[in-house]
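my_file.cif follows; it contains mmCIF, C-alpha atoms.
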```cif
data_protein
loop_
_atom_site.label_atom_id
_atom_site.label_comp_id
_atom_site.auth_asym_id
_atom_site.auth_seq_id
_atom_site.Cartn_x
_atom_site.Cartn_y
_atom_site.Cartn_z
CA MET P 110 124.38 -29.70 -77.41
CA ARG P 111 121.00 -28.69 -76.12
CA PHE P 112 119.69 -29.66 -72.68
CA ASP P 113 118.50 -33.21 -72.97
CA ASP P 114 115.22 -34.06 -71.20
CA GLU P 115 116.46 -37.49 -70.13
CA VAL P 116 119.65 -36.06 -68.63
CA PHE P 117 117.58 -33.46 -66.86
CA ALA P 118 115.29 -36.18 -65.44
CA VAL P 119 118.27 -38.15 -64.12
CA VAL P 120 119.79 -35.02 -62.54
CA MET P 121 116.44 -34.18 -60.93
CA ALA P 122 116.06 -37.73 -59.60
CA ILE P 123 119.49 -37.59 -57.96
CA ILE P 124 118.74 -34.19 -56.44
CA VAL P 125 115.32 -35.28 -55.12
CA ILE P 126 116.81 -38.42 -53.53
CA GLY P 127 119.63 -36.37 -52.00
CA SER P 128 117.16 -33.83 -50.66
CA VAL P 129 114.89 -36.48 -49.08
CA PHE P 130 117.90 -38.20 -47.51
CA GLY P 131 119.15 -34.88 -46.12
CA ILE P 132 115.71 -34.05 -44.63
CA ALA P 133 115.46 -37.53 -43.07
CA GLN P 134 118.92 -37.12 -41.52
CA THR P 135 117.97 -33.71 -40.12
CA LEU P 136 114.65 -34.87 -38.62
CA ARG P 137 115.57 -38.32 -37.33
CA PRO P 138 116.08 -38.74 -33.55
CA ALA P 139 119.69 -38.42 -32.41
CA VAL P 140 119.65 -41.83 -30.68
CA THR P 141 117.72 -44.71 -32.17
CA GLU P 142 119.13 -47.71 -30.29
CA ARG P 143 119.71 -47.12 -26.60
CA PHE P 144 122.10 -49.30 -24.62
CA THR P 145 124.63 -49.43 -21.81
CA ALA P 146 127.72 -51.61 -21.54
CA LEU P 147 129.79 -53.02 -18.72
CA GLY P 148 133.26 -54.50 -19.13
CA LEU P 149 135.84 -56.15 -16.92
CA LEU P 150 139.52 -55.38 -17.44
CA ASN P 151 142.66 -56.48 -15.63
CA SER P 152 144.58 -54.48 -13.02
CA GLU P 153 146.22 -52.40 -15.77
CA CYS P 154 142.82 -51.66 -17.32
CA LEU P 155 143.55 -53.87 -20.33
CA ILE P 156 141.75 -56.90 -21.74
CA GLY P 157 143.30 -60.25 -20.78
CA ASP P 158 145.70 -61.45 -18.06
CA TYR P 159 142.95 -61.83 -15.52
CA PRO P 160 143.85 -63.46 -12.21
CA LYS P 161 142.99 -67.18 -12.08
CA THR P 162 143.97 -67.92 -8.51
CA VAL P 163 143.58 -65.56 -5.58
CA VAL P 164 144.44 -65.89 -1.91
CA ALA P 165 141.45 -65.75 0.43
CA GLY P 166 141.18 -62.33 2.06
CA ASP P 167 143.75 -60.70 -0.23
CA ASN P 168 142.79 -57.72 -2.35
CA VAL P 169 142.41 -58.31 -6.09
CA THR P 170 142.69 -55.23 -8.29
CA LEU P 171 140.50 -55.16 -11.38
CA CYS P 172 139.23 -52.46 -13.68
CA ILE P 173 135.63 -51.73 -14.58
CA PHE P 174 134.51 -50.14 -17.85
CA VAL P 175 131.08 -48.53 -18.16
CA PHE P 176 129.64 -47.06 -21.38
CA ASN P 177 126.42 -45.10 -21.76
CA TYR P 178 124.49 -44.74 -25.01
CA ASN P 179 121.03 -44.03 -23.57
CA GLY P 180 120.56 -40.60 -25.09
CA THR P 181 120.69 -38.98 -21.63
CA PRO P 182 123.17 -39.13 -18.73
CA ILE P 183 122.93 -42.13 -16.40
CA TYR P 184 123.53 -42.36 -12.66
CA TYR P 185 125.06 -45.82 -12.51
CA ARG P 186 126.00 -48.22 -9.73
CA VAL P 187 128.33 -51.18 -10.24
CA GLN P 188 127.60 -53.83 -7.62
CA PHE P 189 130.09 -56.46 -6.55
CA LYS P 190 128.92 -59.92 -5.51
CA ILE P 191 130.52 -63.31 -5.04
CA GLY P 192 128.79 -66.42 -6.31
CA ASP P 193 129.27 -69.50 -8.43
CA ASN P 194 127.92 -70.84 -11.71
CA SER P 195 124.47 -71.42 -10.14
CA THR P 196 124.10 -67.84 -8.88
CA LEU P 197 125.16 -65.88 -11.94
CA PRO P 198 122.92 -63.03 -13.11
CA THR P 199 120.96 -63.21 -16.36
CA ASN P 200 119.95 -60.54 -18.86
CA THR P 201 116.77 -59.93 -16.88
CA THR P 202 117.53 -60.88 -13.28
CA PRO P 203 120.42 -59.93 -11.03
CA SER P 204 122.37 -62.47 -8.98
CA PRO P 205 120.58 -63.43 -5.73
CA MET P 206 123.84 -63.07 -3.79
CA PRO P 207 124.25 -60.12 -1.39
CA VAL P 208 125.94 -56.92 -2.50
CA LEU P 209 129.39 -56.70 -0.93
CA LYS P 210 130.53 -53.38 -2.40
CA TYR P 211 129.38 -50.86 -4.93
CA TRP P 212 130.74 -47.92 -6.92
CA GLU P 213 128.66 -45.05 -8.25
CA GLY P 214 129.09 -42.32 -10.82
CA ILE P 215 127.31 -40.26 -13.44
CA ILE P 216 128.24 -40.35 -17.12
CA ASP P 217 126.88 -38.41 -20.04
CA HIS P 218 125.43 -39.88 -23.22
CA ASN P 219 128.04 -41.46 -25.52
CA GLN P 220 130.68 -41.32 -22.78
CA ASN P 221 132.55 -44.06 -20.95
CA THR P 222 134.47 -44.36 -17.73
CA THR P 223 137.09 -46.78 -16.49
CA PHE P 224 138.02 -47.14 -12.84
CA LYS P 225 140.03 -49.54 -10.69
CA VAL P 226 138.38 -51.55 -7.96
CA ASN P 227 139.81 -53.61 -5.10
CA VAL P 228 137.82 -56.66 -4.14
CA SER P 229 138.52 -59.65 -1.97
CA VAL P 230 137.10 -63.16 -1.66
CA ASN P 231 137.17 -64.45 1.89
CA GLU P 232 136.04 -68.06 1.52
CA PRO P 233 138.36 -70.57 -0.19
CA GLY P 234 136.90 -72.66 -2.98
CA SER P 235 137.25 -73.53 -6.62
CA LYS P 236 135.51 -71.73 -9.47
CA LYS P 237 134.19 -68.86 -7.39
CA ALA P 238 132.57 -66.15 -9.50
CA ILE P 239 133.49 -62.53 -8.95
CA ILE P 240 130.33 -60.82 -10.24
CA PHE P 241 129.83 -57.20 -11.24
CA GLU P 242 126.36 -55.93 -12.15
CA LEU P 243 125.39 -52.60 -13.68
CA TRP P 244 122.43 -50.84 -12.13
CA TYR P 245 121.11 -47.40 -12.89
CA TYR P 246 118.89 -44.87 -11.19
CA ILE P 247 115.45 -44.00 -12.59
CA PRO P 248 114.58 -40.47 -11.42
CA ALA P 249 110.87 -40.79 -12.25
CA ASN P 250 110.41 -43.73 -9.83
CA ASP P 251 113.27 -42.91 -7.45
CA THR P 252 114.49 -46.50 -7.81
CA TRP P 253 117.61 -48.37 -8.85
CA VAL P 254 117.04 -50.73 -11.76
CA TYR P 255 119.15 -53.66 -12.94
CA SER P 256 120.34 -52.87 -16.46
CA GLY P 257 120.72 -56.49 -17.54
CA ARG P 258 124.46 -56.00 -17.99
CA TRP P 259 126.85 -57.99 -15.91
CA THR P 260 130.30 -59.46 -16.07
CA HIS P 261 132.00 -62.16 -14.05
CA LEU P 262 135.37 -63.76 -13.51
CA TYR P 263 135.90 -67.30 -12.27
CA VAL P 264 138.77 -67.66 -9.81
CA ASN P 265 140.13 -70.41 -7.60
CA VAL P 266 140.38 -69.11 -4.07
CA VAL P 267 143.15 -70.69 -2.01
CA GLU P 268 143.78 -70.38 1.70
CA ALA P 269 146.41 -67.96 2.86
CA PRO P 270 149.73 -69.72 3.59
CA VAL P 271 150.42 -70.18 7.29
CA PRO P 272 153.48 -68.12 8.27
CA MET N 167 147.61 -11.59 43.39
CA ALA N 168 146.01 -10.12 40.25
CA ARG N 169 148.23 -12.32 38.03
CA THR N 170 147.10 -15.43 39.96
CA ASN N 171 143.44 -14.45 39.44
CA ILE N 172 143.96 -13.97 35.71
CA MET N 173 145.65 -17.38 35.49
CA ALA N 174 142.79 -19.00 37.41
CA ILE N 175 140.23 -17.38 35.11
CA GLY N 176 142.22 -18.50 32.07
CA ILE N 177 142.46 -22.09 33.32
CA SER N 178 138.76 -22.24 34.18
CA LEU N 179 137.81 -20.79 30.76
CA GLY N 180 140.03 -23.35 29.05
CA PHE N 181 138.44 -26.11 31.11
CA VAL N 182 134.93 -24.92 30.21
CA PHE N 183 135.93 -24.78 26.52
CA LEU N 184 137.35 -28.32 26.66
CA ILE N 185 134.25 -29.74 28.37
CA SER N 186 131.86 -27.98 25.97
CA SER N 187 133.90 -29.20 22.98
CA LEU N 188 133.70 -32.79 24.24
CA LEU N 189 129.97 -32.43 24.79
CA LEU N 190 129.39 -30.98 21.32
CA LEU N 191 131.58 -33.55 19.50
CA PRO N 192 128.84 -36.22 19.07
CA VAL N 193 126.45 -33.51 17.88
CA SER N 194 128.92 -32.38 15.21
CA ILE N 195 129.56 -35.99 14.09
CA GLU N 196 125.80 -36.54 13.84
CA ALA N 197 125.40 -33.28 11.94
CA SER N 198 128.11 -34.41 9.50
CA GLU N 199 126.29 -37.72 8.89
CA ILE N 200 123.01 -35.90 8.35
CA SER N 201 124.78 -33.53 5.97
CA CYS N 202 126.17 -36.53 3.99
CA GLN N 203 122.72 -38.11 3.79
CA SER N 204 121.19 -34.86 2.60
CA LEU N 205 123.89 -34.69 -0.06
CA GLU N 206 122.82 -38.10 -1.36
CA GLU N 207 119.32 -36.71 -1.78
CA LYS N 208 120.76 -33.61 -3.40
CA VAL N 209 122.62 -35.79 -5.93
CA LYS N 210 119.34 -37.46 -6.89
CA THR N 211 117.54 -34.11 -7.20
CA LEU N 212 120.31 -32.62 -9.33
CA PHE N 213 120.52 -35.74 -11.49
CA ASN N 214 116.78 -35.52 -12.07
CA GLU N 215 117.17 -31.93 -13.26
CA VAL N 216 120.11 -32.86 -15.51
CA HIS N 217 118.07 -35.74 -16.91
CA VAL N 218 115.12 -33.46 -17.74
CA LEU N 219 117.38 -30.86 -19.39
CA SER N 220 119.17 -33.56 -21.39
CA GLU N 221 115.86 -35.00 -22.61
CA ARG N 222 114.98 -31.53 -23.88
CA GLY N 223 118.19 -31.64 -25.91
CA ILE N 224 120.39 -29.37 -23.79
CA ASN N 225 124.11 -30.17 -23.60
CA VAL N 226 124.63 -30.95 -19.91
CA SER N 227 128.17 -32.37 -20.06
CA SER N 228 129.71 -29.70 -17.81
CA ALA N 229 127.11 -30.25 -15.07
CA VAL N 230 127.42 -34.04 -15.41
CA GLU N 231 131.18 -33.81 -14.91
CA GLU N 232 130.74 -31.89 -11.64
CA LEU N 233 127.98 -34.22 -10.48
CA ASP N 234 130.19 -37.25 -11.16
CA LYS N 235 133.00 -35.75 -9.09
CA GLY N 236 130.48 -35.03 -6.32
CA VAL N 237 129.16 -38.59 -6.32
CA LYS N 238 132.67 -40.05 -6.21
CA ALA N 239 133.69 -37.73 -3.35
CA LEU N 240 130.51 -38.72 -1.50
CA ASN N 241 131.28 -42.43 -1.96
CA GLN N 242 134.70 -41.82 -0.44
CA GLY N 243 133.08 -40.10 2.55
CA GLN N 244 134.48 -36.67 1.63
CA CYS N 245 131.30 -34.71 2.35
CA ASP N 246 132.85 -31.22 2.23
CA LYS N 247 134.47 -31.90 -1.13
CA ALA N 248 131.25 -33.45 -2.42
CA GLU N 249 129.26 -30.41 -1.31
CA THR N 250 131.59 -28.10 -3.23
CA TYR N 251 131.22 -30.14 -6.42
CA LEU N 252 127.46 -30.42 -6.01
CA GLN N 253 127.16 -26.68 -5.48
CA SER N 254 129.16 -26.11 -8.65
CA ALA N 255 126.90 -28.58 -10.49
CA GLU N 256 123.80 -26.82 -9.17
CA ASP N 257 125.09 -23.44 -10.39
CA LYS N 258 125.72 -24.89 -13.84
CA ILE N 259 122.30 -26.54 -13.95
CA ASN N 260 120.63 -23.25 -12.99
CA ALA N 261 122.50 -21.46 -15.76
CA LEU N 262 121.55 -24.17 -18.27
CA ARG N 263 117.92 -24.04 -17.18
CA GLU N 264 117.81 -20.25 -17.60
CA ASN N 265 119.13 -20.49 -21.17
CA ALA N 266 117.26 -23.68 -22.09
CA ASP N 267 114.33 -22.04 -23.89
CA THR N 268 116.61 -19.84 -26.01
CA VAL N 269 118.88 -22.77 -26.90
CA ILE N 270 115.90 -24.96 -27.87
CA LEU N 271 114.36 -22.16 -29.95
CA GLN N 272 117.67 -21.54 -31.78
CA ARG N 273 118.11 -25.24 -32.45
CA ASN N 274 114.56 -25.59 -33.77
CA ILE N 275 114.98 -22.57 -36.04
CA ILE N 276 118.24 -23.98 -37.44
CA LYS N 277 116.65 -27.41 -37.92
CA TRP N 278 113.55 -26.18 -39.76
CA VAL N 279 115.50 -23.67 -41.87
CA THR N 280 117.79 -26.55 -42.90
CA VAL N 281 114.76 -28.70 -43.78
CA GLY N 282 113.27 -25.80 -45.76
CA ILE N 283 116.47 -25.28 -47.74
CA LEU N 284 116.82 -29.01 -48.45
CA ALA N 285 113.17 -29.21 -49.57
CA ALA N 286 113.56 -26.15 -51.79
CA ILE N 287 116.64 -27.46 -53.62
CA PRO N 288 114.72 -29.80 -56.03
CA ILE N 289 112.13 -27.09 -56.86
CA VAL N 290 114.77 -24.44 -57.43
CA THR N 291 116.80 -26.88 -59.51
CA TYR N 292 113.73 -27.79 -61.62
CA LEU N 293 112.97 -24.15 -62.33
CA LEU N 294 116.46 -22.73 -62.75
CA LEU N 295 118.74 -25.49 -64.02
CA PRO N 296 117.50 -25.48 -67.68
CA ARG N 297 117.70 -21.67 -67.83
CA ILE N 298 121.16 -21.56 -66.26
CA TYR N 299 122.35 -24.32 -68.57
CA MET N 300 121.02 -22.55 -71.66
CA GLY N 301 122.46 -19.23 -70.50
CA LEU N 302 125.90 -20.80 -70.05
CA TRP N 303 125.58 -22.65 -73.35
CA PHE N 304 124.92 -19.42 -75.25
CA ARG N 305 127.55 -17.44 -73.29
CA TYR N 306 130.22 -20.01 -74.16
CA ARG N 307 129.32 -19.70 -77.89
CA ARG N 308 128.64 -15.96 -78.03
CA LYS N 309 131.49 -15.28 -80.46
CA TRP N 310 130.48 -17.99 -82.82
CA LYS N 311 129.28 -17.00 -86.25
CA VAL N 312 126.25 -18.67 -87.70
CA ARG N 313 126.01 -19.58 -91.33
CA LYS N 314 123.48 -21.42 -93.24
CA TYR N 315 124.37 -25.04 -93.80
CA GLU N 316 123.74 -26.09 -97.30
CA VAL N 317 123.32 -29.76 -98.05
#
```
Once more with this new file: its structure as structure tokens, please.
Amino acid sequence: MRFDDEVFAVVMAIIVIGSVFGIAQTLRPAVTERFTALGLLNSECLIGDYPKTVVAGDNVTLCIFVFNYNGTPIYYRVQFKIGDNSTLPTNTTPSPMPVLKYWEGIIDHNQNTTFKVNVSVNEPGSKKAIIFELWYYIPANDTWVYSGRWTHLYVNVVEAPVP
Amino acid sequence: MARTNIMAIGISLGFVFLISSLLLLPVSIEASEISCQSLEEKVKTLFNEVHVLSERGINVSSAVEELDKGVKALNQGQCDKAETYLQSAEDKINALRENADTVILQRNIIKWVTVGILAAIPIVTYLLLPRIYMGLWFRYRRKWKVRKYEV
């Protein structure tokens, strides 16, 4: 069998497509969609079994998960606030409530970190929101910027029993 | 008599030491606070450098790890520990910065050589594939005998 021109054309087409795809993969930027993520886990750093009722003033242990896919390392700050359903953050604005505690760290691109936090709610009430917001530091402006990521947990806060 | 004098001198020296220590205590506490504040600034400066290196495509994971430990120690008020980690991070950043140009050049060479090879594959295939195929075709049939086919 001699070398068929049509077979040769098909082979060449496959090779050209493969070559263009390979060049595109080599030249494309390493990160195309940049994002960060914030997650809330229970005291054993697992999803689910979150506390529903807490005693006012008592420590509640929770776990925070932070993921960075920004292409560069981030200097993050997780801020803790207490609010209700009218003072929750949005994707663009943080909660207006005051910052009660914060935790900082630096994570590389495509890395995550999980750490336990102890928080307490001092005022009794129903459907109080334990709010965590993710902020990060912008070196060019020397400012902390709200990332638009937040997580919250509604709890009923009961008064401590009188001994 | 001499022993009594030595004791008196010893007691007075001890007293002077105690008083001076008490006087210097607030100064040392203040110095520690200042040191902690300066470390916070140092974290920002080092992070900025790490950020710049990372944007240039340098792998900064080792420096980031040390910086993270430094930040966490600083948040816990452990200034001495934080300073150690930050110093380690600074050393790593300096080493990365020194090698940055070489690393970037090597990576660019590898990238463009790869692109060149990938771009050359279709041309080389177009020129050589028919010849190679024919060469193999004839090699496989080299012991064949040819005779005239009569219809």
Report task. Pick out the chain P residues within 9 Å of chain N. Count all atoms listed in the file. Give them as a PyMOL selection string. Result -> chain P and resi 110-112+117+121-122+124-125+127-129+131-133+135-136+180-184+212-218+246-249+251
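The list of residues with at least one atom within 6 Å of Gly257 (chain P), based on only C-alpha atoms and without residues fewer than 2 positions apart in the same chain, reads Asn200, Thr201 and Tyr255 of chain P.
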**Report entry** Exercise: Glu153 (chain P) partners within 12 Å, only C-alpha atoms, chain neighbours under 2 positions left out, as JSON, numbers by chain
**Finding:** {"P": [149, 150, 151, 155, 156, 157, 158, 159, 160, 169, 170, 171, 172, 173, 223, 224, 225, 226]}
Query raised in the report: Could you tell me, as a PyMOL selection string, which residues have any atom at most 12 Å from (127.6, -48.0, -25.2), counting all atoms listed in the file?
Result: chain P and resi 140+142-148+174-183+216-222+258
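Note that CA of Ile191 (chain P) and CA of Ile240 (chain P) are 5.8 Å apart.
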Query raised in the report: Which value, in Å to one decimal, gives the distance between CA of Val267 (chain P) and CA of Asn194 (chain P)?
Result: 18.1 Å
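For the pair CA of Cys154 (chain P) and CA of Asn231 (chain P), the separation is 23.8 Å.
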Query raised in the report: Of the candidates P:Tyr211, P:Arg186, P:Asp113, P:Pro205, which one gets nearest to Trp253 (chain P) if we count only C-alpha atoms?
Result: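 Residue with the minimum atom-to-atom distance to Trp253 (chain P): P:Arg186.
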Query - Given the PyMOL selection byres ((chain P and resi 244) around 6), the residues it picks as a PyMOL selection string - result: chain P and resi 185-186+243+245+254-256
Produce a file of the selected residues containing C-alpha atoms, as a PDB file, keeping the file's coordinate frame.
```pdb
ATOM      1  CA  TYR P 185     125.060 -45.820 -12.510  1.00  0.00           C
ATOM      2  CA  ARG P 186     126.000 -48.220  -9.730  1.00  0.00           C
ATOM      3  CA  LEU P 243     125.390 -52.600 -13.680  1.00  0.00           C
ATOM      4  CA  TYR P 245     121.110 -47.400 -12.890  1.00  0.00           C
ATOM      5  CA  VAL P 254     117.040 -50.730 -11.760  1.00  0.00           C
ATOM      6  CA  TYR P 255     119.150 -53.660 -12.940  1.00  0.00           C
ATOM      7  CA  SER P 256     120.340 -52.870 -16.460  1.00  0.00           C
TER       8      SER P 256
END
```
Query raised in the report: Which residue gives the smallest distance to Pro203 (chain P) among P:Val187, P:Val120, P:Val163, P:Val228, with all atoms listed in the file counted?
Result: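 Counting all atoms listed in the file, the residue closest to Pro203 (chain P) is P:Val187.
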